[in-house]
>>> print(open('work_39.cif').read())   # mmCIF, C-alpha atoms and all ligand atoms
data_work
loop_
_atom_site.label_atom_id
_atom_site.label_comp_id
_atom_site.auth_asym_id
_atom_site.auth_seq_id
_atom_site.Cartn_x
_atom_site.Cartn_y
_atom_site.Cartn_z
CA GLN A 64 0.61 -25.50 5.58
CA ARG A 65 -1.35 -23.81 8.31
CA VAL A 66 -2.59 -25.80 11.28
CA VAL A 67 -5.40 -24.78 13.61
CA VAL A 68 -5.58 -26.41 17.04
CA ILE A 69 -8.94 -26.12 18.77
CA GLY A 70 -8.71 -26.30 22.57
CA LEU A 71 -5.61 -24.84 24.23
CA GLY A 72 -5.62 -27.07 27.30
CA TYR A 73 -3.33 -29.76 28.66
CA ILE A 74 -3.08 -31.47 25.26
CA GLY A 75 -3.94 -28.84 22.64
CA LEU A 76 -1.44 -26.23 23.76
CA PRO A 77 1.55 -28.61 23.96
CA THR A 78 0.64 -29.99 20.51
CA ALA A 79 0.28 -26.49 19.05
CA ALA A 80 3.57 -25.43 20.63
CA ILE A 81 5.58 -28.42 19.47
CA LEU A 82 4.30 -28.09 15.90
CA ALA A 83 5.19 -24.39 15.94
CA SER A 84 8.61 -25.11 17.46
CA ASN A 85 9.21 -27.30 14.42
CA GLY A 86 8.45 -24.46 12.02
CA VAL A 87 4.73 -25.06 11.32
CA GLY A 88 2.46 -21.99 11.45
CA VAL A 89 -0.20 -22.68 14.09
CA VAL A 90 -3.25 -20.77 15.25
CA GLY A 91 -4.70 -21.92 18.56
CA VAL A 92 -8.41 -21.50 19.20
CA ASP A 93 -10.04 -21.45 22.61
CA VAL A 94 -13.31 -20.21 24.08
CA SER A 95 -11.51 -18.87 27.14
CA ASP A 96 -10.16 -15.31 27.04
CA ARG A 97 -7.71 -16.25 29.78
CA HIS A 98 -6.15 -19.01 27.64
CA VAL A 99 -6.11 -16.91 24.46
CA ASP A 100 -4.55 -13.89 26.16
CA ALA A 101 -1.96 -15.97 28.00
CA VAL A 102 -0.81 -17.69 24.80
CA ASN A 103 -0.60 -14.41 22.89
CA ARG A 104 1.66 -13.10 25.66
CA GLY A 105 3.80 -16.22 25.21
CA GLU A 106 2.65 -17.66 28.53
CA VAL A 107 1.12 -20.95 29.68
CA PRO A 108 -2.09 -20.80 31.75
CA PHE A 109 -1.34 -24.04 33.70
CA VAL A 110 1.62 -26.01 35.08
CA GLU A 111 3.51 -28.29 32.66
CA PRO A 112 7.31 -28.60 32.65
CA ASP A 113 9.13 -27.20 29.57
CA LEU A 114 5.92 -26.09 27.86
CA GLY A 115 6.57 -22.42 28.67
CA ILE A 116 9.80 -22.25 26.72
CA HIS A 117 8.17 -23.75 23.60
CA VAL A 118 5.19 -21.38 23.77
CA ALA A 119 7.31 -18.28 24.41
CA GLY A 120 9.71 -19.19 21.58
CA ALA A 121 6.98 -20.00 19.05
CA VAL A 122 5.00 -16.84 19.81
CA SER A 123 8.05 -14.60 19.54
CA ARG A 124 8.98 -16.21 16.20
CA GLY A 125 5.47 -15.44 14.93
CA LEU A 126 4.65 -19.15 14.45
CA LEU A 127 1.99 -19.41 17.16
CA SER A 128 -0.94 -17.16 18.01
CA ALA A 129 -4.31 -17.66 19.63
CA GLN A 130 -7.84 -16.42 19.01
CA LYS A 131 -11.45 -17.27 19.81
CA ASP A 132 -12.83 -17.95 16.32
CA THR A 133 -11.73 -20.77 14.04
CA PRO A 134 -9.89 -19.40 10.97
CA LYS A 135 -9.26 -21.08 7.59
CA ALA A 136 -6.50 -23.69 7.59
CA ASP A 137 -5.18 -26.80 5.86
CA VAL A 138 -5.30 -28.97 8.98
CA TYR A 139 -7.59 -28.78 12.02
CA ILE A 140 -6.77 -30.59 15.25
CA ILE A 141 -9.60 -30.91 17.77
CA ALA A 142 -8.28 -31.20 21.34
CA VAL A 143 -11.27 -30.29 23.50
CA PRO A 144 -12.49 -32.10 26.62
CA THR A 145 -14.82 -35.12 26.50
CA PRO A 146 -16.23 -35.28 30.03
CA PHE A 147 -19.00 -37.66 30.93
CA LYS A 148 -22.61 -36.89 31.66
CA ASP A 149 -24.82 -38.57 34.24
CA GLY A 150 -25.08 -42.25 33.52
CA HIS A 151 -21.41 -42.19 32.47
CA GLU A 152 -22.05 -41.44 28.84
CA ALA A 153 -19.54 -39.29 26.97
CA ASP A 154 -20.50 -35.66 26.53
CA LEU A 155 -19.61 -34.90 22.90
CA SER A 156 -20.93 -31.34 22.92
CA TYR A 157 -17.42 -29.81 22.94
CA ILE A 158 -16.40 -31.92 19.93
CA ASP A 159 -19.62 -30.94 18.15
CA ALA A 160 -19.02 -27.26 18.89
CA ALA A 161 -15.42 -27.47 17.62
CA THR A 162 -16.64 -29.24 14.45
CA ASP A 163 -19.29 -26.57 13.93
CA GLY A 164 -16.56 -23.93 14.10
CA ILE A 165 -14.56 -25.72 11.40
CA ILE A 166 -17.45 -26.46 9.02
CA PRO A 167 -17.88 -22.95 7.49
CA GLN A 168 -14.13 -22.75 6.79
CA LEU A 169 -13.96 -25.95 4.75
CA SER A 170 -13.62 -25.83 0.97
CA GLY A 171 -12.32 -29.36 0.24
CA GLY A 172 -8.82 -30.77 0.66
CA GLU A 173 -8.54 -30.19 4.41
CA LEU A 174 -7.53 -32.69 7.07
CA VAL A 175 -9.53 -32.78 10.33
CA ILE A 176 -7.95 -34.69 13.23
CA LEU A 177 -9.79 -35.57 16.42
CA GLU A 178 -7.30 -35.85 19.30
CA SER A 179 -9.75 -35.73 22.20
CA THR A 180 -10.20 -39.07 23.94
CA SER A 181 -13.45 -40.29 22.43
CA PRO A 182 -15.97 -43.10 22.64
CA PRO A 183 -16.12 -45.47 19.68
CA GLY A 184 -17.84 -43.79 16.75
CA ALA A 185 -16.94 -40.19 17.64
CA THR A 186 -14.63 -39.70 14.63
CA GLU A 187 -17.29 -41.03 12.26
CA ARG A 188 -19.70 -38.59 13.91
CA VAL A 189 -17.37 -35.67 13.13
CA GLY A 190 -17.30 -36.77 9.47
CA GLN A 191 -21.07 -37.16 9.28
CA ARG A 192 -21.62 -33.79 10.95
CA ILE A 193 -19.48 -32.13 8.29
CA LEU A 194 -21.37 -33.89 5.49
CA ALA A 195 -24.77 -33.04 6.96
CA ALA A 196 -23.93 -29.33 6.97
CA ARG A 197 -21.97 -29.29 3.71
CA PRO A 198 -23.35 -31.92 1.31
CA GLU A 199 -21.10 -30.69 -1.51
CA LEU A 200 -18.08 -32.05 0.43
CA ASN A 201 -17.25 -35.77 0.66
CA LEU A 202 -15.23 -38.24 2.77
CA ASN A 203 -14.23 -40.44 -0.17
CA ALA A 204 -11.45 -43.00 0.08
CA GLU A 205 -10.29 -41.95 -3.42
CA PRO A 206 -9.97 -38.23 -2.72
CA ASP A 207 -11.02 -35.48 -5.13
CA ALA A 208 -11.06 -31.69 -4.79
CA MET A 209 -14.09 -31.78 -2.46
CA THR A 210 -12.79 -34.47 -0.09
CA VAL A 211 -12.23 -33.73 3.58
CA ASP A 212 -9.94 -36.23 5.32
CA VAL A 213 -10.96 -37.12 8.88
CA ALA A 214 -8.78 -39.08 11.33
CA HIS A 215 -8.44 -39.88 15.02
CA CYS A 216 -5.04 -39.55 16.67
CA PRO A 217 -5.51 -40.00 20.41
CA GLU A 218 -3.03 -38.35 22.75
CA ARG A 219 -1.24 -40.69 25.18
CA VAL A 220 1.06 -38.32 27.05
CA LEU A 221 1.46 -38.34 30.81
CA PRO A 222 0.75 -35.00 32.52
CA GLY A 223 4.04 -33.73 33.91
CA ARG A 224 6.00 -35.34 31.05
CA VAL A 225 4.00 -34.05 28.10
CA MET A 226 6.81 -32.34 26.18
CA VAL A 227 9.01 -35.45 26.40
CA GLU A 228 6.29 -37.97 25.65
CA LEU A 229 4.91 -36.02 22.66
CA VAL A 230 8.24 -36.65 20.97
CA GLU A 231 9.11 -40.10 22.34
CA ASN A 232 5.83 -42.05 22.56
CA ASP A 233 4.57 -44.20 19.72
CA ARG A 234 1.26 -43.01 18.30
CA ILE A 235 -1.79 -44.58 16.77
CA VAL A 236 -3.63 -42.91 13.90
CA GLY A 237 -7.02 -44.17 12.77
CA GLY A 238 -8.50 -42.72 9.60
CA LEU A 239 -12.02 -42.76 8.27
CA THR A 240 -10.03 -43.65 5.13
CA SER A 241 -6.46 -44.86 4.75
CA HIS A 242 -5.66 -41.66 2.87
CA ALA A 243 -6.75 -39.63 5.91
CA ALA A 244 -4.65 -41.80 8.23
CA GLN A 245 -1.57 -41.44 6.03
CA ARG A 246 -1.95 -37.64 5.90
CA ALA A 247 -2.31 -37.41 9.67
CA LYS A 248 0.77 -39.58 10.11
CA GLU A 249 2.80 -37.19 7.95
CA LEU A 250 1.76 -34.28 10.15
CA TYR A 251 2.72 -36.02 13.42
CA GLU A 252 6.06 -37.05 11.92
CA VAL A 253 7.01 -33.37 12.09
CA PHE A 254 7.64 -33.73 15.84
CA CYS A 255 7.09 -37.38 16.85
CA HIS A 256 10.33 -39.38 16.68
CA ALA A 257 8.71 -42.71 17.58
CA ASP A 258 6.64 -45.09 15.48
CA ILE A 259 3.22 -44.08 14.19
CA PHE A 260 0.86 -46.98 13.53
CA LEU A 261 -2.07 -46.73 11.14
CA THR A 262 -5.50 -48.29 11.64
CA ASP A 263 -9.19 -47.44 11.30
CA ALA A 264 -10.83 -44.75 13.42
CA THR A 265 -12.81 -47.02 15.76
CA THR A 266 -9.80 -49.20 16.56
CA ALA A 267 -7.79 -46.06 17.36
CA GLU A 268 -10.58 -44.79 19.61
CA MET A 269 -10.75 -48.13 21.41
CA ALA A 270 -6.94 -48.40 21.68
CA LYS A 271 -6.80 -45.23 23.73
CA LEU A 272 -9.69 -46.27 25.97
CA THR A 273 -8.17 -49.73 26.35
CA GLU A 274 -4.82 -48.37 27.54
CA ASN A 275 -6.45 -46.41 30.33
CA SER A 276 -8.84 -49.25 31.19
CA PHE A 277 -5.90 -51.65 31.43
CA ARG A 278 -4.41 -49.41 34.06
CA ASP A 279 -7.71 -48.92 35.87
CA VAL A 280 -8.37 -52.67 36.07
CA ASN A 281 -4.86 -53.28 37.37
CA ILE A 282 -5.09 -50.53 39.99
CA ALA A 283 -8.47 -51.97 41.05
CA PHE A 284 -6.75 -55.32 41.54
CA ALA A 285 -4.19 -53.62 43.82
CA ASN A 286 -6.91 -51.71 45.67
CA GLU A 287 -8.89 -54.90 46.23
CA LEU A 288 -5.73 -56.60 47.52
CA SER A 289 -5.21 -53.74 49.97
CA ILE A 290 -8.64 -54.32 51.50
CA ILE A 291 -8.15 -58.10 51.58
CA SER A 292 -4.72 -57.64 53.21
CA GLU A 293 -6.13 -55.39 55.88
CA ARG A 294 -8.68 -58.06 56.72
CA LEU A 295 -5.95 -60.69 56.92
CA GLY A 296 -3.68 -58.45 58.98
CA ILE A 297 -0.84 -58.33 56.45
CA ASP A 298 1.00 -55.50 54.69
CA VAL A 299 -0.28 -55.14 51.10
CA PHE A 300 2.83 -53.28 49.95
CA GLU A 301 5.09 -56.12 51.07
CA LEU A 302 2.67 -58.60 49.52
CA ILE A 303 2.78 -56.85 46.14
CA GLU A 304 6.55 -56.40 46.27
CA LEU A 305 6.98 -60.13 46.85
CA ALA A 306 4.41 -61.24 44.26
CA ASN A 307 6.11 -58.95 41.73
CA LYS A 308 9.32 -60.95 42.12
CA HIS A 309 7.65 -63.49 39.84
CA PRO A 310 8.89 -62.86 36.29
CA ARG A 311 5.38 -62.63 34.83
CA VAL A 312 3.63 -60.69 37.60
CA ASN A 313 3.59 -56.89 37.71
CA ILE A 314 0.93 -55.56 40.07
CA LEU A 315 0.39 -51.80 40.33
CA GLN A 316 0.15 -49.86 43.60
CA PRO A 317 -2.95 -49.41 45.74
CA GLY A 318 -3.93 -45.93 46.86
CA PRO A 319 -6.89 -43.90 48.10
CA GLY A 320 -8.68 -44.28 44.73
CA VAL A 321 -8.05 -43.34 41.12
CA GLY A 322 -8.11 -39.73 40.00
CA GLY A 323 -7.34 -37.51 37.05
CA HIS A 324 -9.41 -36.76 34.02
CA CYS A 325 -8.41 -39.88 32.06
CA ILE A 326 -8.20 -43.18 33.90
CA ALA A 327 -11.19 -42.44 36.12
CA VAL A 328 -13.27 -41.44 33.07
CA ASP A 329 -12.27 -43.34 29.93
CA PRO A 330 -13.28 -46.87 31.01
CA TRP A 331 -16.87 -45.63 31.32
CA PHE A 332 -16.86 -44.89 27.57
CA ILE A 333 -16.26 -48.59 26.94
CA VAL A 334 -18.90 -49.54 29.50
CA SER A 335 -21.45 -47.27 27.88
CA ALA A 336 -20.59 -48.55 24.37
CA ALA A 337 -20.93 -52.24 25.37
CA THR A 338 -22.75 -52.24 28.69
CA GLU A 339 -23.56 -55.95 28.92
CA GLN A 340 -20.15 -57.13 27.79
CA ALA A 341 -17.91 -54.77 29.78
CA ARG A 342 -18.33 -56.49 33.17
CA LEU A 343 -14.76 -56.50 34.43
CA ILE A 344 -14.11 -52.94 33.27
CA ARG A 345 -17.22 -51.69 35.07
CA THR A 346 -16.39 -53.58 38.26
CA ALA A 347 -12.87 -52.14 38.26
CA ARG A 348 -14.33 -48.64 38.09
CA GLU A 349 -16.65 -49.44 40.98
CA VAL A 350 -13.83 -50.93 43.08
CA ASN A 351 -11.66 -47.86 42.53
CA ASP A 352 -14.52 -45.44 43.11
CA ALA A 353 -15.35 -47.18 46.40
CA LYS A 354 -11.81 -46.84 47.78
CA PRO A 355 -12.16 -43.23 49.07
CA GLN A 356 -15.13 -44.27 51.22
CA TYR A 357 -13.08 -47.13 52.64
CA VAL A 358 -10.25 -44.74 53.57
CA ILE A 359 -12.76 -42.37 55.19
CA SER A 360 -14.19 -45.18 57.31
CA LYS A 361 -10.66 -46.08 58.48
CA VAL A 362 -10.01 -42.48 59.53
CA LEU A 363 -13.35 -42.18 61.32
CA GLU A 364 -12.68 -45.45 63.11
CA ALA A 365 -9.30 -44.10 64.28
CA ALA A 366 -10.91 -40.83 65.43
CA GLU A 367 -13.66 -42.56 67.36
CA GLY A 368 -13.92 -41.68 71.04
CA LYS A 369 -12.33 -38.22 70.65
CA ASP A 370 -14.62 -35.24 71.25
CA SER A 371 -12.91 -32.98 68.75
CA PRO A 372 -10.51 -35.08 66.70
CA VAL A 373 -7.84 -33.41 64.57
CA VAL A 374 -7.04 -35.13 61.28
CA ALA A 375 -4.03 -34.21 59.14
CA ALA A 376 -4.84 -35.05 55.49
CA LEU A 377 -1.64 -35.10 53.48
CA GLY A 378 -2.05 -34.29 49.78
CA LEU A 379 -4.93 -33.00 47.65
CA ALA A 380 -3.68 -33.54 44.08
CA PHE A 381 -4.66 -36.62 42.07
CA LYS A 382 -1.07 -37.86 41.92
CA PRO A 383 2.38 -36.89 43.20
CA ASP A 384 4.25 -33.66 42.56
CA ILE A 385 1.61 -31.82 40.55
CA ASP A 386 -1.07 -29.27 41.45
CA ASP A 387 -3.82 -30.91 39.36
CA MET A 388 -6.86 -31.79 41.48
CA ARG A 389 -9.27 -32.96 38.79
CA GLU A 390 -11.27 -36.02 39.94
CA SER A 391 -8.86 -36.26 42.86
CA PRO A 392 -9.82 -38.89 45.47
CA ALA A 393 -7.58 -37.10 47.99
CA LEU A 394 -9.61 -33.93 47.62
CA ASP A 395 -12.92 -35.78 47.99
CA ILE A 396 -11.69 -37.66 51.05
CA THR A 397 -10.55 -34.41 52.68
CA ARG A 398 -13.87 -32.69 52.02
CA LEU A 399 -15.96 -35.63 53.21
CA LEU A 400 -13.86 -35.95 56.37
CA ALA A 401 -14.51 -32.29 57.19
CA GLU A 402 -18.23 -32.93 56.71
CA ALA A 403 -18.15 -36.12 58.78
CA LEU A 404 -16.31 -34.46 61.69
CA PRO A 405 -18.23 -31.22 62.39
CA GLN A 406 -16.83 -31.08 65.97
CA GLY A 407 -13.32 -31.87 64.78
CA LYS A 408 -10.78 -30.32 62.47
CA VAL A 409 -9.22 -31.36 59.19
CA LEU A 410 -5.79 -29.89 58.45
CA ALA A 411 -5.20 -30.22 54.71
CA VAL A 412 -1.58 -30.25 53.56
CA GLU A 413 -0.78 -29.61 49.89
CA PRO A 414 2.73 -28.31 49.17
CA ASN A 415 1.84 -27.46 45.54
CA VAL A 416 -0.81 -24.81 46.28
CA THR A 417 -1.01 -21.67 48.38
CA GLU A 418 -4.74 -21.67 48.97
CA LEU A 419 -7.50 -24.24 49.22
CA PRO A 420 -9.33 -24.97 45.95
CA ALA A 421 -12.88 -23.62 45.57
CA LYS A 422 -14.29 -27.15 46.02
CA LEU A 423 -13.05 -27.10 49.62
CA ALA A 424 -14.13 -23.58 50.47
CA GLY A 425 -16.92 -22.99 52.97
CA HIS A 426 -15.85 -25.61 55.52
CA THR A 427 -14.84 -23.72 58.65
CA ASN A 428 -13.21 -26.82 60.14
CA LEU A 429 -10.96 -27.38 57.09
CA VAL A 430 -7.71 -25.41 56.98
CA LEU A 431 -4.71 -25.49 54.62
CA THR A 432 -1.78 -26.10 56.96
CA PRO A 433 2.00 -26.58 56.60
CA VAL A 434 2.94 -30.23 56.99
CA HIS A 435 4.85 -29.93 60.25
CA ASP A 436 2.11 -27.96 62.02
CA ALA A 437 -0.56 -30.33 60.77
CA ILE A 438 1.22 -33.42 62.05
CA THR A 439 2.04 -31.85 65.41
CA ALA A 440 -1.60 -30.97 65.98
CA ALA A 441 -3.09 -34.20 64.61
CA ASP A 442 -4.55 -37.23 66.36
CA VAL A 443 -4.86 -39.06 63.04
CA VAL A 444 -2.55 -38.61 60.03
CA VAL A 445 -3.86 -39.86 56.68
CA LEU A 446 -1.37 -39.89 53.81
CA LEU A 447 -3.24 -39.50 50.53
CA VAL A 448 -0.65 -38.43 47.94
CA ASP A 449 2.97 -39.59 47.70
CA HIS A 450 4.42 -36.10 47.14
CA LYS A 451 8.21 -35.89 47.42
CA GLU A 452 7.93 -33.63 50.50
CA PHE A 453 6.08 -36.38 52.37
CA LYS A 454 8.45 -39.12 51.25
CA ALA A 455 11.42 -37.07 52.52
CA MET A 456 9.81 -36.38 55.90
CA ASP A 457 11.36 -37.36 59.21
CA THR A 458 8.94 -40.12 60.22
CA THR A 459 9.77 -39.82 63.93
CA THR A 460 7.36 -36.83 63.91
CA LEU A 461 4.62 -39.44 63.40
CA ASP A 462 5.40 -41.22 66.65
CA GLY A 463 2.33 -41.50 68.84
CA LYS A 464 -0.05 -40.60 65.99
CA HIS A 465 -2.56 -42.90 64.43
CA VAL A 466 -1.19 -43.17 60.88
CA ILE A 467 -3.09 -44.34 57.80
CA ASP A 468 -0.63 -44.49 54.92
CA THR A 469 -2.67 -45.19 51.77
CA ARG A 470 0.41 -45.14 49.50
CA GLY A 471 2.81 -47.16 51.61
CA ILE A 472 5.58 -44.52 51.60
CA TRP A 473 6.40 -44.67 55.29
CA ARG A 474 7.05 -48.38 55.60
CA ASN A 475 10.46 -48.99 57.10
N1 LIG A 501 -2.54 -44.78 40.44
C1 LIG A 501 -2.60 -45.71 41.49
N2 LIG A 501 -1.73 -46.75 41.48
C2 LIG A 501 -0.81 -46.94 40.48
C3 LIG A 501 -0.76 -45.99 39.42
C4 LIG A 501 -1.65 -44.92 39.44
O1 LIG A 501 -3.41 -45.58 42.42
O2 LIG A 501 -0.05 -47.92 40.54
C5 LIG A 501 -3.49 -43.63 40.43
C6 LIG A 501 -2.80 -42.30 40.56
O3 LIG A 501 -2.56 -41.98 41.88
C7 LIG A 501 -3.83 -41.38 39.92
C8 LIG A 501 -4.43 -42.26 38.83
O4 LIG A 501 -4.10 -43.58 39.17
O5 LIG A 501 -4.83 -41.02 40.84
C9 LIG A 501 -3.96 -41.96 37.41
O6 LIG A 501 -2.57 -41.63 37.38
P1 LIG A 501 -1.55 -42.11 36.24
O7 LIG A 501 -0.26 -41.47 36.53
O8 LIG A 501 -1.56 -43.59 36.14
O9 LIG A 501 -2.18 -41.61 34.87
P2 LIG A 501 -2.70 -40.17 34.30
O10 LIG A 501 -4.18 -40.14 34.51
O11 LIG A 501 -1.91 -39.03 34.77
O12 LIG A 501 -2.37 -40.36 32.73
C10 LIG A 501 -2.92 -41.45 32.00
C11 LIG A 501 -1.79 -42.15 31.20
N3 LIG A 501 -2.28 -43.41 30.68
C12 LIG A 501 -1.59 -44.57 30.88
O13 LIG A 501 -0.59 -44.64 31.54
C13 LIG A 501 -2.17 -45.80 30.25
C14 LIG A 501 -1.33 -41.25 30.07
O14 LIG A 501 -0.38 -41.92 29.24
C15 LIG A 501 -2.55 -40.81 29.22
O15 LIG A 501 -2.15 -39.95 28.16
C16 LIG A 501 -3.49 -40.05 30.14
O16 LIG A 501 -3.94 -40.97 31.14
C17 LIG A 501 -4.64 -39.54 29.29
O17 LIG A 501 -4.65 -38.35 28.95
O18 LIG A 501 -5.51 -40.35 28.93
#
>>> encode(input="work_39.cif", output="C-alpha cells")
Amino acid sequence: QRVVVIGLGYIGLPTAAILASNGVGVVGVDVSDRHVDAVNRGEVPFVEPDLGIHVAGAVSRGLLSAQKDTPKADVYIIAVPTPFKDGHEADLSYIDAATDGIIPQLSGGELVILESTSPPGATERVGQRILAARPELNLNAEPDAMTVDVAHCPERVLPGRVMVELVENDRIVGGLTSHAAQRAKELYEVFCHADIFLTDATTAEMAKLTENSFRDVNIAFANELSIISERLGIDVFELIELANKHPRVNILQPGPGVGGHCIAVDPWFIVSAATEQARLIRTAREVNDAKPQYVISKVLEAAEGKDSPVVAALGLAFKPDIDDMRESPALDITRLLAEALPQGKVLAVEPNVTELPAKLAGHTNLVLTPVHDAITAADVVVLLVDHKEFKAMDTTTLDGKHVIDTRGIWRN
C-alpha cells in the first residue's frame, strides 16, 4: 500500500520516515519548497534527534520522497498545524486545505487519518467535507466499494524524543466508524510497539486535548504556588519537593510560563468547545499566561534605581536543550524587558542558536551574548530556561548579582 503524509513538520516527517523505515512506500506532501527539497535530499529541515538517519535511509532506499501536490494513495495521513485564531478558536484552514488536496484523488476504499491535534468535531468535518464534494462516495459503517474510511489518531510524542516515543507510546485511534478505526490501527502497528486503543473520533480528539490540559492545569497549580510562596517568603521548590513526598501528591514545576505549540494552545480548544463548562481549564491558561508578566515585574523591581541597568536573560527556547522558540515565554519576557528598559541593556543568552530570532530583531539594546560575558556585565540575572549549560554553571559567578531563578536550578 502507498501512504501519503500531508505536512512534513515536527510530526508528519517523523511519521513518514518511520513508516518508510519499516518498508512502506511513502510520499510526503508539503506546501514549502524548503521542506520538500530537504526531504528529497535525504535531509531534515529542523532539529530532532535520530530523525535524520531515518529520512536519509528511507530516501536512499526509494521508500520516501516529497512533493507539493497530493498524489493518489491508499492511505492519507493529515499532519498539518492547527493554530488558534483570535478568540482562541481553532483555525482549521490547514486541515481543510489538506482535505481539499485529497478529495480529487479519492475513488473509494481509501483510509484518511487526521493526526493534527484537533478540536472536537474536526474528524467528522473532514468526512463531511469529502462527502459534500464527492456525493458518490460514502462513510458507511458497513463498507462497500465507494466507502472512504476516516479516523483520528492524535500524535502524543514529546519533541526531542519523537523517534523513541513514536515506537514506545500507546496510541488512541478514533474512527468515524469502527471499521475505519480498525484499519488505522493496522497501519500504526507497522511501527508502534505499544498498545493501540480504539474509540470514536470525538473521544480521541478530546483525549489528546485532555492530556495537554491536564499538564497545563497542573503547571498552573505550580505557578500559582510560586507566587503564593514569594508572598509568604518561602522557597516554592522546597515546598513542592516536600509536598511531593506524600505518596499521592505529584506537583509539577513552576517556571516563567508555559510555552510550545501544544500545551499553551490545546486547552483553548476545549474552552472554545464548552466555554461555560470549562472554567478550571480556562483559569489555568490565564494563570500560566500571566506568569511572564509577573517575572518581568520582578526583574524591573530588581533593576529599579539604576540609570542604565544591565539584565542577563538566560534562555530563549520554550523548554530545555532544544532550539524551538514557538510560544516561548522566555522569548516574550526577553523582548518585553528590552522594551521596558530603553536606557538599559538586555543580554540574551541562548546556547542553542547563533543569532537572535527575527522576533527579537530591531531592539538595539538587546544583544545575544555568551553566558559568561552576560553574567559578568549584569546587574540582574534572570534564569528562564533550565538548559544543561546553565545547570552546570559555576554559581559563584552569580555572587553579588540580583538573581531571579524561575526554574529553581541554582538552589543549593
Ligand atoms: N513546563 C513547566 N513545568 C513543568 C513541565 C513543563 O513549566 O513541570 C513547561 C515547559 O517549560 C514548556 C511547557 O511547559 O514551556 C511544555 O513543555 P512539555 O515538555 O511539558 O511539553 P511539550 O509541549 O513539549 O509536549 C507536550 C507533551 N504532552 C504531554 O506531556 C501531556 C507531548 O507528549 C505531546 O505530544 C505534545 O505536547 C503535543 O504535540 O501535543
>>> residues_around(input="work_39.cif", residues="A:Ala366", least_positions_apart="5", cutoff="12 Å", atoms="only C-alpha atoms", output="number ranges by chain")
A: 359-361, 371-375, 400, 403-404, 406-409, 441-445, 464-467
>>> closest_residue(input="work_39.cif", among="A:Asp387, A:Asp462, A:Glu364, A:Glu252", to="ligand LIG 501 (chain A)", atoms="only C-alpha atoms and all ligand atoms")
A:Asp387
>>> residues_near_ligand(input="work_39.cif", ligand="ligand LIG 501 (chain A)", cutoff="9 Å", atoms="only C-alpha atoms and all ligand atoms", output="PyMOL selection string")
chain A and resi 73-74+179-180+217-223+225+228+271-279+281-283+285-286+314-329+351+380-383+390-393+448-449+470
>>> closest_atom_pairs(input="work_39.cif", of="stretch 158-191 of chain A", to="stretch 247-250 of chain A", cutoff="10 Å", atoms="all atoms listed in the file", output="Markdown table")
| residue | atom | partner | partner_atom | distance |
| --- | --- | --- | --- | --- |
| A:Leu174 | CA | A:Ala247 | CA | 7.5 |
| A:Val175 | CA | A:Ala247 | CA | 8.6 |
| A:Ile176 | CA | A:Ala247 | CA | 7.2 |
>>> atom_distance(input="work_39.cif", atom1="atom CA of A:Gly237", atom2="atom CA of A:Leu261")
5.8 Å
>>> atom_distance(input="work_39.cif", atom1="atom CA of A:Ser241", atom2="atom CA of A:Leu155")
24.5 Å
>>> atom_distance(input="work_39.cif", atom1="atom CA of A:Arg234", atom2="atom CA of A:Ile259")
4.7 Å
